[in-house]
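Student: Below is structure-v9.cif; it holds mmCIF, C-alpha atoms.
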data_final
#
loop_
_atom_site.label_atom_id
_atom_site.label_comp_id
_atom_site.auth_asym_id
_atom_site.auth_seq_id
_atom_site.Cartn_x
_atom_site.Cartn_y
_atom_site.Cartn_z
CA MET A 271 98.89 93.18 158.73
CA ARG A 272 97.05 96.49 158.49
CA ILE A 273 98.38 99.62 160.16
CA ALA A 274 96.61 102.97 160.39
CA ILE A 275 98.85 106.03 160.30
CA VAL A 276 97.10 109.07 161.73
CA THR A 277 98.90 112.41 161.53
CA PRO A 278 98.05 115.70 159.84
CA TYR A 279 101.43 115.72 158.06
CA THR A 280 101.02 114.37 154.54
CA LEU A 281 104.74 113.93 153.96
CA LEU A 282 105.28 112.19 157.26
CA ASN A 283 102.39 109.84 156.49
CA LEU A 284 103.75 109.11 153.04
CA GLY A 285 107.26 108.54 154.37
CA LEU A 286 106.03 105.96 156.89
CA LYS A 287 103.86 104.33 154.26
CA HIS A 288 106.82 104.05 151.95
CA LEU A 289 109.03 102.43 154.60
CA LEU A 290 106.32 100.04 155.75
CA GLN A 291 105.52 98.93 152.22
CA LYS A 292 109.07 98.66 151.07
CA TYR A 293 110.42 96.64 153.98
CA PHE A 294 107.50 94.94 155.73
CA GLU A 295 104.45 92.84 154.99
CA VAL A 296 102.18 95.67 156.01
CA THR A 297 99.26 97.45 154.40
CA PRO A 298 99.33 101.02 155.68
CA SER A 299 96.24 103.25 155.56
CA LEU A 300 96.75 106.98 155.90
CA TYR A 301 94.45 109.35 157.77
CA SER A 302 95.03 113.07 157.90
CA ASP A 303 92.80 113.35 160.96
CA ILE A 304 91.45 111.07 163.64
CA GLY A 305 87.82 111.72 162.63
CA LYS A 306 88.42 110.01 159.30
CA LEU A 307 89.90 106.98 161.03
CA LEU A 308 87.02 106.73 163.49
CA ALA A 309 84.53 106.92 160.64
CA ASP A 310 86.28 104.06 158.83
CA SER A 311 85.75 101.12 161.24
CA PRO A 312 88.94 101.73 163.24
CA GLU A 313 88.85 98.24 164.84
CA GLN A 314 89.83 96.71 161.50
CA PHE A 315 93.49 97.65 162.01
CA ASP A 316 96.17 95.54 163.65
CA ALA A 317 98.08 98.60 164.79
CA TYR A 318 98.09 102.41 164.91
CA ILE A 319 100.85 104.97 164.52
CA LEU A 320 100.10 108.47 165.82
CA PHE A 321 101.21 111.39 168.00
CA ALA A 322 100.61 111.42 171.75
CA ASP A 323 98.05 114.26 171.60
CA THR A 324 95.77 112.09 169.46
CA LEU A 325 96.14 109.18 171.85
CA VAL A 326 95.33 111.38 174.83
CA ALA A 327 92.32 112.98 173.16
CA TYR A 328 90.90 109.62 172.12
CA SER A 329 92.12 107.51 175.00
CA ASP A 330 88.81 105.62 175.16
CA PHE A 331 89.70 104.03 171.87
CA PHE A 332 93.48 103.81 172.07
CA LEU A 333 94.19 102.88 175.69
CA PRO A 334 92.60 99.43 175.38
CA ARG A 335 94.76 99.06 172.25
CA LYS A 336 97.92 100.30 173.87
CA SER A 337 99.97 97.30 172.87
CA LYS A 338 99.05 97.90 169.25
CA THR A 339 99.87 101.59 169.26
CA MET A 340 103.11 103.26 168.30
CA LEU A 341 103.67 106.86 169.33
CA LEU A 342 105.51 109.30 167.14
CA THR A 343 107.69 111.49 169.21
CA PRO A 344 109.43 114.73 168.32
CA SER A 345 111.76 114.27 171.27
CA ARG A 346 115.35 113.26 170.65
CA ASP A 347 115.57 111.52 174.02
CA LYS A 348 114.84 107.89 174.69
CA MET A 349 111.28 107.38 175.89
CA PRO A 350 110.65 105.74 179.27
CA GLU A 351 109.71 102.06 179.12
CA THR A 352 106.20 102.68 180.47
CA VAL A 353 104.87 104.26 177.30
CA PRO A 354 103.81 102.20 174.30
CA ALA A 355 106.29 101.65 171.49
CA SER A 356 107.64 104.95 170.27
CA LEU A 357 109.27 106.18 167.11
CA GLY A 358 111.36 109.34 167.08
CA ILE A 359 110.69 111.34 163.98
CA TYR A 360 114.25 112.70 163.99
CA GLN A 361 115.87 109.28 164.04
CA THR A 362 118.00 108.17 161.13
CA GLU A 363 116.46 105.93 158.49
CA GLU A 364 118.29 102.93 159.88
CA GLU A 365 117.08 103.60 163.44
CA ILE A 366 113.53 104.09 162.23
CA LEU A 367 113.62 100.80 160.34
CA ASP A 368 115.01 99.09 163.38
CA THR A 369 112.26 100.46 165.63
CA LEU A 370 109.55 99.56 163.10
CA GLU A 371 110.95 96.06 162.73
CA ARG A 372 110.81 95.46 166.48
CA PHE A 373 107.26 96.86 166.69
CA ILE A 374 106.05 94.65 163.86
CA GLU A 375 107.71 91.60 165.36
CA LEU A 376 105.95 92.35 168.64
CA LEU A 377 102.61 92.63 166.86
CA GLY A 378 103.30 89.31 165.16
CA LYS A 379 103.89 87.68 168.55
CA GLN A 380 100.60 89.03 169.90
CA ALA A 381 98.75 87.78 166.84
CA GLU A 382 100.19 84.29 167.16
CA THR A 383 98.41 83.70 170.44
CA LEU A 384 95.34 82.81 168.35
CA PRO A 385 95.47 79.02 167.98
CA HIS A 386 95.30 77.80 164.41
CA ASP A 387 92.88 74.94 164.93
CA LEU A 388 89.18 75.65 165.07
CA SER A 389 87.56 75.36 168.49
CA PRO A 390 84.52 73.03 168.76
CA ARG A 391 82.24 76.09 168.93
CA GLU A 392 83.83 77.62 165.86
CA THR A 393 83.36 74.35 164.01
CA GLU A 394 79.67 74.37 164.92
CA VAL A 395 79.31 77.94 163.70
CA LEU A 396 81.18 77.05 160.51
CA LYS A 397 78.79 74.18 159.81
CA LEU A 398 75.76 76.41 160.24
CA VAL A 399 77.23 79.23 158.14
CA ALA A 400 78.04 76.68 155.46
CA ARG A 401 74.43 75.50 155.49
CA GLY A 402 73.39 79.05 154.70
CA LEU A 403 71.97 80.10 158.07
CA MET A 404 71.92 83.82 158.91
CA ASN A 405 73.78 85.10 161.98
CA LYS A 406 70.51 85.55 163.86
CA GLU A 407 69.46 81.96 163.15
CA ILE A 408 72.86 80.66 164.24
CA ALA A 409 72.60 82.65 167.48
CA ASP A 410 69.15 81.16 168.18
CA ARG A 411 70.23 77.66 167.25
CA LEU A 412 73.28 77.70 169.52
CA ASN A 413 71.69 79.82 172.20
CA ILE A 414 74.36 82.51 172.05
CA SER A 415 74.22 86.23 171.29
CA ILE A 416 74.64 87.66 167.81
CA ASN A 417 77.84 89.33 168.99
CA THR A 418 79.28 85.99 169.95
CA VAL A 419 78.37 84.62 166.54
CA LEU A 420 80.08 87.60 164.93
CA SER A 421 83.19 87.06 166.98
CA HIS A 422 83.30 83.35 166.04
CA ARG A 423 82.93 84.32 162.41
CA LYS A 424 85.72 86.84 162.70
CA ASN A 425 87.96 84.13 164.14
CA LEU A 426 86.98 81.71 161.38
CA THR A 427 88.01 84.25 158.76
CA ALA A 428 91.26 84.99 160.56
CA LYS A 429 92.15 81.33 161.02
CA LEU A 430 91.09 80.05 157.62
CA GLY A 431 91.77 83.11 155.46
CA ILE A 432 88.27 82.76 154.03
CA LYS A 433 85.71 85.53 154.15
CA THR A 434 82.67 84.76 152.02
CA VAL A 435 79.83 82.39 152.90
CA SER A 436 80.41 80.37 149.71
CA GLY A 437 84.12 80.15 150.46
CA LEU A 438 83.36 78.85 153.96
CA SER A 439 80.83 76.36 152.56
CA PHE A 440 83.35 74.91 150.14
CA TYR A 441 85.98 74.76 152.88
CA ALA A 442 83.46 72.90 155.07
CA MET A 443 82.76 70.42 152.26
CA MET A 444 86.44 69.91 151.50
CA ASN A 445 86.99 68.99 155.14
CA GLY A 446 83.90 66.87 155.54
CA TYR A 447 82.09 69.20 157.96
CA ILE A 448 79.06 69.12 155.71
CA SER A 449 78.39 66.53 153.08
CA ASP A 450 77.45 68.47 149.95
CA ILE A 451 76.13 71.67 148.51
CA ASP A 452 72.49 70.54 148.77
CA ASN A 453 72.75 71.15 152.47
CA LYS A 454 72.90 74.87 151.82
CA MET B 1159 107.31 100.90 138.67
CA ALA B 1160 107.48 104.65 138.06
CA LEU B 1161 104.59 106.50 136.40
CA ILE B 1162 104.72 106.63 132.64
CA ASN B 1163 103.81 109.50 130.30
CA ALA B 1164 103.00 110.00 126.64
CA GLU B 1165 106.68 110.36 125.72
CA THR B 1166 107.60 106.98 127.24
CA LYS B 1167 108.34 104.26 124.72
CA LEU B 1168 105.54 101.72 124.77
CA CYS B 1169 107.98 98.81 124.40
CA ASP B 1170 109.84 99.84 127.59
CA VAL B 1171 106.59 99.89 129.53
CA ILE B 1172 105.62 96.42 128.37
CA LEU B 1173 109.08 94.97 128.89
CA ASN B 1174 108.89 96.13 132.50
CA GLU B 1175 105.30 95.12 133.08
CA PRO B 1176 104.15 92.26 130.85
CA SER B 1177 100.82 92.11 132.68
CA LEU B 1178 99.90 95.15 130.55
CA ILE B 1179 99.80 93.11 127.34
CA PRO B 1180 96.09 92.26 127.69
CA VAL B 1181 95.41 95.89 128.64
CA ILE B 1182 96.98 97.31 125.48
CA ASN B 1183 95.11 94.65 123.50
CA ARG B 1184 91.89 96.25 124.68
CA PHE B 1185 92.94 99.39 122.88
CA GLY B 1186 93.59 97.44 119.68
CA ILE B 1187 97.37 97.34 120.11
CA ILE B 1188 99.09 93.99 119.69
CA LEU B 1189 102.66 92.86 120.22
CA GLY B 1190 105.27 93.98 117.79
CA VAL B 1191 104.89 97.55 119.03
CA GLY B 1192 108.27 98.72 117.68
CA ASP B 1193 110.10 101.43 119.59
CA LYS B 1194 107.60 104.26 119.18
CA THR B 1195 106.49 106.53 122.00
CA ILE B 1196 103.03 106.15 123.44
CA ARG B 1197 102.02 109.43 121.85
CA THR B 1198 102.94 108.20 118.36
CA VAL B 1199 101.24 104.86 118.84
CA CYS B 1200 98.07 106.60 120.05
CA GLU B 1201 98.07 109.01 117.10
CA GLU B 1202 98.36 106.13 114.68
CA LYS B 1203 95.57 104.21 116.35
CA ASN B 1204 93.43 107.29 116.86
CA LEU B 1205 93.40 106.86 120.65
CA ASP B 1206 93.21 109.51 123.35
CA SER B 1207 96.77 109.27 124.67
CA GLU B 1208 95.87 110.87 128.01
CA PHE B 1209 93.19 108.27 128.68
CA PHE B 1210 95.52 105.48 127.56
CA VAL B 1211 98.37 106.66 129.82
CA THR B 1212 96.06 107.09 132.80
CA ILE B 1213 94.64 103.59 132.44
CA LEU B 1214 98.12 102.06 132.13
CA ASN B 1215 99.32 104.00 135.17
CA THR B 1216 96.43 102.87 137.37
CA PHE B 1217 97.22 99.33 136.26
CA ILE B 1218 100.94 99.52 136.98
CA ASN B 1219 100.64 101.29 140.32
CA GLU B 1220 97.99 99.91 142.61
CA ASP B 1221 98.27 103.00 144.78
CA TYR B 1222 97.87 105.41 141.92
CA PHE B 1223 94.31 106.47 141.28
CA PRO B 1224 93.91 110.03 139.97
CA GLU B 1225 90.20 110.41 140.58
CA LYS B 1226 89.88 113.93 139.20
CA ARG B 1227 91.65 113.13 135.98
CA LEU B 1228 89.68 109.94 135.46
CA LYS B 1229 86.45 111.84 135.94
CA SER B 1230 87.49 114.30 133.25
CA PHE B 1231 87.15 111.61 130.60
CA CYS B 1232 83.76 111.18 129.04
CA ALA B 1233 81.53 108.41 130.28
CA THR B 1234 81.30 106.72 126.88
CA GLN B 1235 85.08 106.38 126.73
CA ILE B 1236 85.09 104.66 130.12
CA VAL B 1237 82.16 102.45 129.09
CA ASP B 1238 84.03 101.41 125.95
CA TYR B 1239 87.10 100.51 127.97
CA LEU B 1240 85.12 98.51 130.55
CA THR B 1241 83.27 96.74 127.73
CA GLN B 1242 86.63 95.61 126.39
CA THR B 1243 87.76 94.39 129.81
CA ASN B 1244 84.50 92.45 130.17
CA ALA B 1245 85.09 90.86 126.78
CA TYR B 1246 88.57 89.86 127.90
CA TYR B 1247 87.22 88.12 131.01
CA GLU B 1248 84.53 86.38 129.03
CA GLN B 1249 86.54 85.28 126.02
CA PHE B 1250 89.97 84.77 127.44
CA GLN B 1251 90.55 84.79 131.19
CA ILE B 1252 87.63 82.64 132.33
CA PRO B 1253 88.11 80.00 129.61
CA ASN B 1254 91.83 80.05 130.40
CA ILE B 1255 91.27 79.34 134.10
CA GLU B 1256 88.77 76.64 133.20
CA ARG B 1257 91.17 74.99 130.82
CA HIS B 1258 93.89 74.92 133.48
CA PHE B 1259 91.46 73.74 136.13
CA ASN B 1260 90.20 70.89 133.94
CA SER B 1261 93.68 69.64 133.12
CA LEU B 1262 94.63 69.94 136.78
CA ILE B 1263 91.66 67.78 137.79
CA ASN B 1264 92.28 65.29 134.99
CA GLN B 1265 95.96 64.90 135.82
CA SER B 1266 95.51 64.64 139.57
CA ASP B 1267 94.68 61.76 141.84
CA SER B 1268 91.01 60.93 141.25
CA ASP B 1269 90.48 60.34 144.98
CA ASN B 1270 91.17 63.98 145.54
CA ASN B 1271 87.75 65.62 145.59
CA ASN B 1272 89.22 68.89 146.92
CA LEU B 1273 89.97 70.10 143.44
CA GLU B 1274 86.48 69.23 142.20
CA LEU B 1275 84.97 71.29 144.99
CA MET B 1276 87.26 74.20 144.29
CA LYS B 1277 86.26 74.03 140.66
CA GLN B 1278 82.61 74.20 141.75
CA PHE B 1279 83.43 77.28 143.79
CA PHE B 1280 85.05 78.78 140.72
CA GLU B 1281 81.91 77.96 138.69
CA GLU B 1282 79.86 79.92 141.20
CA LEU B 1283 82.20 82.86 140.89
CA LYS B 1284 82.13 82.62 137.11
CA LYS B 1285 78.33 82.67 137.11
CA GLU B 1286 78.37 85.85 139.19
CA LEU B 1287 80.91 87.54 136.93
CA LEU B 1288 79.09 86.54 133.74
CA SER B 1289 75.77 87.78 135.02
CA ARG B 1290 77.35 91.13 135.91
CA ILE B 1291 78.80 91.33 132.39
CA GLU B 1292 75.41 90.47 130.95
CA HIS B 1293 73.77 93.24 132.96
CA ASP B 1294 76.47 95.72 131.86
CA ARG B 1295 76.01 94.78 128.23
CA ASN B 1296 72.22 94.77 128.10
CA ASP B 1297 71.21 97.41 130.64
CA TRP B 1298 73.75 99.59 132.37
CA PHE B 1299 76.14 100.49 129.56
CA PRO B 1300 73.42 101.16 126.95
CA ALA B 1301 71.60 103.40 129.46
CA ILE B 1302 74.78 105.42 130.06
CA LYS B 1303 75.44 105.76 126.36
CA ALA B 1304 71.86 106.85 125.71
CA ALA B 1305 72.11 109.43 128.50
CA ALA B 1306 75.40 110.75 127.10
CA GLU B 1307 73.74 111.23 123.73
CA GLU B 1308 70.75 112.97 125.24
CA LEU B 1309 72.95 115.34 127.23
CA HIS B 1310 75.16 116.07 124.19
CA GLY B 1311 78.36 115.44 126.11
CA GLU B 1312 77.72 118.00 128.86
CA CYS B 1313 80.30 117.51 131.52
CA TYR B 1314 79.06 115.94 134.73
CA ALA B 1315 82.23 115.12 136.52
CA GLN B 1316 82.46 118.38 138.46
CA GLN B 1317 79.13 117.92 140.18
CA VAL B 1318 79.76 114.36 141.05
CA THR B 1319 80.39 113.22 144.58
CA PRO B 1320 83.18 110.69 144.85
CA GLY B 1321 82.09 107.09 144.64
CA LEU B 1322 83.17 104.56 147.22
CA ASP B 1323 84.97 101.29 146.88
CA GLU B 1324 82.30 98.80 147.78
CA PRO B 1325 83.35 95.49 149.22
CA ASP B 1326 82.96 93.40 146.14
CA SER B 1327 81.84 89.81 146.41
CA LEU B 1328 83.76 88.81 143.27
CA GLU B 1329 87.02 90.11 144.70
CA GLU B 1330 86.32 88.46 148.03
CA LYS B 1331 85.47 85.13 146.43
CA LEU B 1332 88.58 85.19 144.28
CA ASP B 1333 90.56 85.90 147.40
CA ASP B 1334 88.91 82.96 149.18
CA LEU B 1335 89.60 80.66 146.25
CA LYS B 1336 93.26 81.64 146.41
CA SER B 1337 93.25 80.87 150.15
CA LEU B 1338 91.74 77.45 149.47
CA PHE B 1339 94.67 76.73 147.17
CA VAL B 1340 97.43 78.30 149.19
CA ILE B 1341 96.39 77.44 152.75
CA HIS B 1342 94.09 74.45 152.52
CA LEU B 1343 95.02 72.34 149.50
CA GLN B 1344 95.46 68.66 150.38
CA GLY B 1345 96.17 65.40 148.64
CA GLU B 1346 98.04 64.55 145.48
CA TYR B 1347 97.97 66.92 142.55
CA ASP B 1348 100.04 68.03 139.58
CA LEU B 1349 102.21 70.87 140.83
CA ASN B 1350 102.77 72.61 137.50
CA LEU B 1351 99.12 72.60 136.49
CA CYS B 1352 98.26 73.88 139.93
CA HIS B 1353 100.62 76.82 139.40
CA GLY B 1354 98.86 77.46 136.12
CA VAL B 1355 95.48 77.78 137.83
CA ILE B 1356 96.80 79.97 140.64
CA PHE B 1357 98.64 82.37 138.31
CA ALA B 1358 95.55 82.64 136.12
CA LEU B 1359 93.44 83.41 139.21
CA TYR B 1360 95.91 86.08 140.33
CA SER B 1361 95.86 87.77 136.99
CA LEU B 1362 92.04 87.75 136.86
CA GLU B 1363 91.91 89.18 140.38
CA LYS B 1364 94.32 91.98 139.55
CA ASP B 1365 92.31 92.90 136.48
CA ILE B 1366 88.99 92.82 138.31
CA LYS B 1367 90.35 95.04 141.06
CA GLN B 1368 91.35 97.67 138.51
CA HIS B 1369 88.05 97.28 136.71
CA ASN B 1370 86.12 97.69 139.96
CA ARG B 1371 88.00 100.81 141.01
CA ILE B 1372 87.09 102.51 137.74
CA ARG B 1373 83.60 101.11 137.80
CA ASN B 1374 82.68 102.03 141.38
CA ARG B 1375 84.65 105.18 141.98
CA ILE B 1376 84.43 106.81 138.56
CA LEU B 1377 81.73 105.44 136.29
CA ARG B 1378 79.02 104.78 138.87
CA PRO B 1379 78.82 108.31 140.29
CA ILE B 1380 79.09 109.92 136.84
CA ALA B 1381 76.41 107.60 135.47
CA GLU B 1382 74.04 108.26 138.36
CA SER B 1383 74.30 111.99 137.95
CA MET B 1384 73.84 111.72 134.17
CA LEU B 1385 70.80 109.47 134.48
CA ASN B 1386 69.30 111.81 137.06
CA SER B 1387 69.70 114.89 134.91
CA CYS B 1388 68.13 113.06 132.00
CA GLN B 1389 65.15 112.26 134.16
CA ASN B 1390 64.87 115.86 135.33
CA LYS B 1391 64.91 117.09 131.75
CA ARG B 1392 61.96 114.95 130.81
#
Mind converting the file's structure to structure tokens?

Tutor:
Amino acid sequence: MRIAIVTPYTLLNLGLKHLLQKYFEVTPSLYSDIGKLLADSPEQFDAYILFADTLVAYSDFFLPRKSKTMLLTPSRDKMPETVPASLGIYQTEEEILDTLERFIELLGKQAETLPHDLSPRETEVLKLVARGLMNKEIADRLNISINTVLSHRKNLTAKLGIKTVSGLSFYAMMNGYISDIDNK
Amino acid sequence: MALINAETKLCDVILNEPSLIPVINRFGIILGVGDKTIRTVCEEKNLDSEFFVTILNTFINEDYFPEKRLKSFCATQIVDYLTQTNAYYEQFQIPNIERHFNSLINQSDSDNNNLELMKQFFEELKKELLSRIEHDRNDWFPAIKAAAEELHGECYAQQVTPGLDEPDSLEEKLDDLKSLFVIHLQGEYDLNLCHGVIFALYSLEKDIKQHNRIRNRILRPIAESMLNSCQNKR
């Protein structure tokens, strides 16, 4: 799981990174300002930790990702339930760990909604990728848009844990989706 | 593990992090290191202790990558180190994985063609790695060394823009091969030999990641700026 931490406070960023790495299966990436995150394909992350002012200023990006966003809050009071997950920066270490644990569990639940088996369409895309077709050719062949092809490929990688074309080809051969390497 | 320095005893470092053994080998140090400090060992072996410590630290701590300090070393020193890591892949790690893979296939159920296919995938990866090493040895590294000579060791690091970590197809393929083992392996196979292959793959991957960081973020930008200034001089 990859989490982007976006605050201008180096020590705060490092502290969160330390906790996330020490206690959770999380790869944190630190950004001292939002511009750097936005320039670094921000969609790649599974979650975001930031202050409310950043969320408000870039609501176009963060509101659709509300369930994946955790707000840092300088307030000592409990936050109302309507806001996304929140983490008080004055909390004790134990409370912070507890809050992070619940947030990460929640993210895990969201992620699990992706079924593990390949859909028939994904299988078709896999076969064509394995035969060495380019995304454009696959789109033409299946009569779908390039974006749809890309999204199928993203799902394939997420479900199979395999990223490269050769890796996918060998997976396809191992499972009998294509017969041998000459098909490539 | 905490960062080490020149006053740390080399034996303590290795006892804590045995994966460094092949790294110290590249500097001509073999086991039986005694209880000397890194500084003493480096003096005896005529090594730059600062370079040695920096390389070990980047290896121990995946998060530690002191770009400025790495760029302060001369390009030829970095080339020599990367040449040694290439030699290690070529002469030791790749043959080692192959040996394990072959025994795994020989000892496993012959109906299981999964392992054969994974071996073929590894062969593809090996071909890519060897051709990169070949290109380093015959073209890139000699060009950098020639440029360093021509420029009489002028320092280029200050003018260099930071290099980027490129998504590397070797790293990605190694990752995929690991996934094929861990997530998708089917059928009957010899468990112990399978561990052997996976551990060997992990150790190659770790080494290549370190190699690539130095290669892409340090050597590449320095080399480009050196080669450019050589061209401008002509």

Student: Using only C-alpha atoms, select each residue of chain B with any atom at most 10 Å away from an atom of chain A, and give the selection as a PDB file with C-alpha atoms, keeping the file's coordinate frame.

Tutor:
ATOM      1  CA  ASN B1270      91.170  63.980 145.540  1.00  0.00           C
ATOM      2  CA  ASN B1271      87.750  65.620 145.590  1.00  0.00           C
ATOM      3  CA  ASN B1272      89.220  68.890 146.920  1.00  0.00           C
ATOM      4  CA  LEU B1273      89.970  70.100 143.440  1.00  0.00           C
ATOM      5  CA  GLU B1274      86.480  69.230 142.200  1.00  0.00           C
ATOM      6  CA  LEU B1275      84.970  71.290 144.990  1.00  0.00           C
ATOM      7  CA  MET B1276      87.260  74.200 144.290  1.00  0.00           C
ATOM      8  CA  LYS B1277      86.260  74.030 140.660  1.00  0.00           C
ATOM      9  CA  GLN B1278      82.610  74.200 141.750  1.00  0.00           C
ATOM     10  CA  PHE B1279      83.430  77.280 143.790  1.00  0.00           C
ATOM     11  CA  PHE B1280      85.050  78.780 140.720  1.00  0.00           C
ATOM     12  CA  GLU B1282      79.860  79.920 141.200  1.00  0.00           C
ATOM     13  CA  LEU B1283      82.200  82.860 140.890  1.00  0.00           C
ATOM     14  CA  SER B1327      81.840  89.810 146.410  1.00  0.00           C
ATOM     15  CA  LEU B1328      83.760  88.810 143.270  1.00  0.00           C
ATOM     16  CA  GLU B1330      86.320  88.460 148.030  1.00  0.00           C
ATOM     17  CA  LYS B1331      85.470  85.130 146.430  1.00  0.00           C
ATOM     18  CA  LEU B1332      88.580  85.190 144.280  1.00  0.00           C
ATOM     19  CA  ASP B1333      90.560  85.900 147.400  1.00  0.00           C
ATOM     20  CA  ASP B1334      88.910  82.960 149.180  1.00  0.00           C
ATOM     21  CA  LEU B1335      89.600  80.660 146.250  1.00  0.00           C
ATOM     22  CA  LYS B1336      93.260  81.640 146.410  1.00  0.00           C
ATOM     23  CA  SER B1337      93.250  80.870 150.150  1.00  0.00           C
ATOM     24  CA  LEU B1338      91.740  77.450 149.470  1.00  0.00           C
ATOM     25  CA  VAL B1340      97.430  78.300 149.190  1.00  0.00           C
ATOM     26  CA  ILE B1341      96.390  77.440 152.750  1.00  0.00           C
ATOM     27  CA  HIS B1342      94.090  74.450 152.520  1.00  0.00           C
ATOM     28  CA  LEU B1343      95.020  72.340 149.500  1.00  0.00           C
ATOM     29  CA  GLN B1344      95.460  68.660 150.380  1.00  0.00           C
TER      30      GLN B1344
END

Student: How big is the axis-aligned box around all listed atoms of segment 294-300 of chain A once 6 Å goes on each side, and where's its centre, in Å to one decimal, as lines of an AutoDock Vina configuration file?

Tutor:
center_x = 101.9
center_y = 99.9
center_z = 155.2
size_x = 23.3
size_y = 26.1
size_z = 13.6

Student: Excluding same-chain residues fewer than 5 positions from segment 354-363 of chain A, what lies within 12 Å of it counting all atoms listed in the file, as a PyMOL selection string?

Tutor: chain A and resi 279+281-283+285-286+288-289+293+317-322+325+332-349+368-377

Student: Using all atoms listed in the file, pick whichever of B:Asp1348, B:Glu1248, B:Glu1307, B:Glu1208 has the shortest atom-to-atom distance to Ala1233 of chain B.

Tutor: B:Glu1307

Student: Here is a test: counting all atoms listed in the file, which residue of B:Thr1195, B:Ser1207, B:Thr1243, B:Asn1350 is nearest to Leu1262 of chain B?

Tutor: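 Closest residue, counting all atoms listed in the file: B:Asn1350.
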
Student: Residues within 7 Å of segment 1214-1223 of chain B, please, as a ChimeraX atom specification. Count only C-alpha atoms; anything in the same chain fewer than 6 positions from it doesn't count.

Tutor: /B:1159,1161-1162,1368

Student: Please, could you write that set of residues out with C-alpha atoms as an mmCIF file, in the coordinates of the input?

Tutor:
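Result written to part-v3.cif:
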data_model
loop_
_atom_site.group_PDB
_atom_site.id
_atom_site.type_symbol
_atom_site.label_atom_id
_atom_site.label_comp_id
_atom_site.auth_asym_id
_atom_site.auth_seq_id
_atom_site.Cartn_x
_atom_site.Cartn_y
_atom_site.Cartn_z
ATOM 1 C CA MET B 1159 107.310 100.900 138.670
ATOM 2 C CA LEU B 1161 104.590 106.500 136.400
ATOM 3 C CA ILE B 1162 104.720 106.630 132.640
ATOM 4 C CA GLN B 1368 91.350 97.670 138.510
#

Student: Kindly resolve the PyMOL selection byres ((chain B and resi 1228) around 9) on the present coordinates and return the residues as a list in words.

Tutor: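 Those residues are Phe1209, Thr1212, Ile1213, Phe1223, Pro1224, Glu1225, Lys1226, Arg1227, Lys1229, Ser1230, Phe1231, Cys1232, Ile1236, Ile1372 and Ile1376 of chain B.
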
Student: I'd like the residues picked by the PyMOL selection byres ((chain B and resi 1183-1193) around 7) written out as a PyMOL selection string, using the chain letters and numbers from the file.

Tutor: chain B and resi 1167-1169+1179-1182+1194-1195+1242-1243

Student: Report as a list in words the full result of the PyMOL selection byres ((chain A and resi 425) around 12) when it is applied to this structure.

Tutor: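 When the PyMOL selection byres ((chain A and resi 425) around 12) is applied to the shown file, the picked residues are Ala381, Leu384, Pro385, His386, Asp387, Leu388, Ser389, Arg391, Glu392, Thr393, Val395, Leu396, Thr418, Val419, Leu420, Ser421, His422, Arg423, Lys424, Leu426, Thr427, Ala428, Lys429, Leu430, Gly431, Ile432 and Lys433 of chain A.
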
Student: Could you tell me how far atom CA of Ile408 of chain A sits from atom CA of Ile448 of chain A, in Å to one decimal place?

Tutor: 15.6 Å

Student: Please list as a compact mmCIF listing (two decimals) with C-alpha atoms, in the coordinates of the input every residue within 12 Å of Ala1305 of chain B, counting all atoms listed in the file and excluding residues in the same chain fewer than 3 positions away.

Tutor:
# COMPACT_ATOMS: atom_id res chain seq x y z
CA CYS B 1232 83.76 111.18 129.04
CA ALA B 1233 81.53 108.41 130.28
CA THR B 1234 81.30 106.72 126.88
CA TRP B 1298 73.75 99.59 132.37
CA PHE B 1299 76.14 100.49 129.56
CA PRO B 1300 73.42 101.16 126.95
CA ALA B 1301 71.60 103.40 129.46
CA ILE B 1302 74.78 105.42 130.06
CA GLU B 1308 70.75 112.97 125.24
CA LEU B 1309 72.95 115.34 127.23
CA HIS B 1310 75.16 116.07 124.19
CA GLY B 1311 78.36 115.44 126.11
CA GLU B 1312 77.72 118.00 128.86
CA CYS B 1313 80.30 117.51 131.52
CA TYR B 1314 79.06 115.94 134.73
CA ILE B 1380 79.09 109.92 136.84
CA ALA B 1381 76.41 107.60 135.47
CA GLU B 1382 74.04 108.26 138.36
CA SER B 1383 74.30 111.99 137.95
CA MET B 1384 73.84 111.72 134.17
CA LEU B 1385 70.80 109.47 134.48
CA ASN B 1386 69.30 111.81 137.06
CA SER B 1387 69.70 114.89 134.91
CA CYS B 1388 68.13 113.06 132.00
CA GLN B 1389 65.15 112.26 134.16
CA ASN B 1390 64.87 115.86 135.33
CA LYS B 1391 64.91 117.09 131.75
CA ARG B 1392 61.96 114.95 130.81
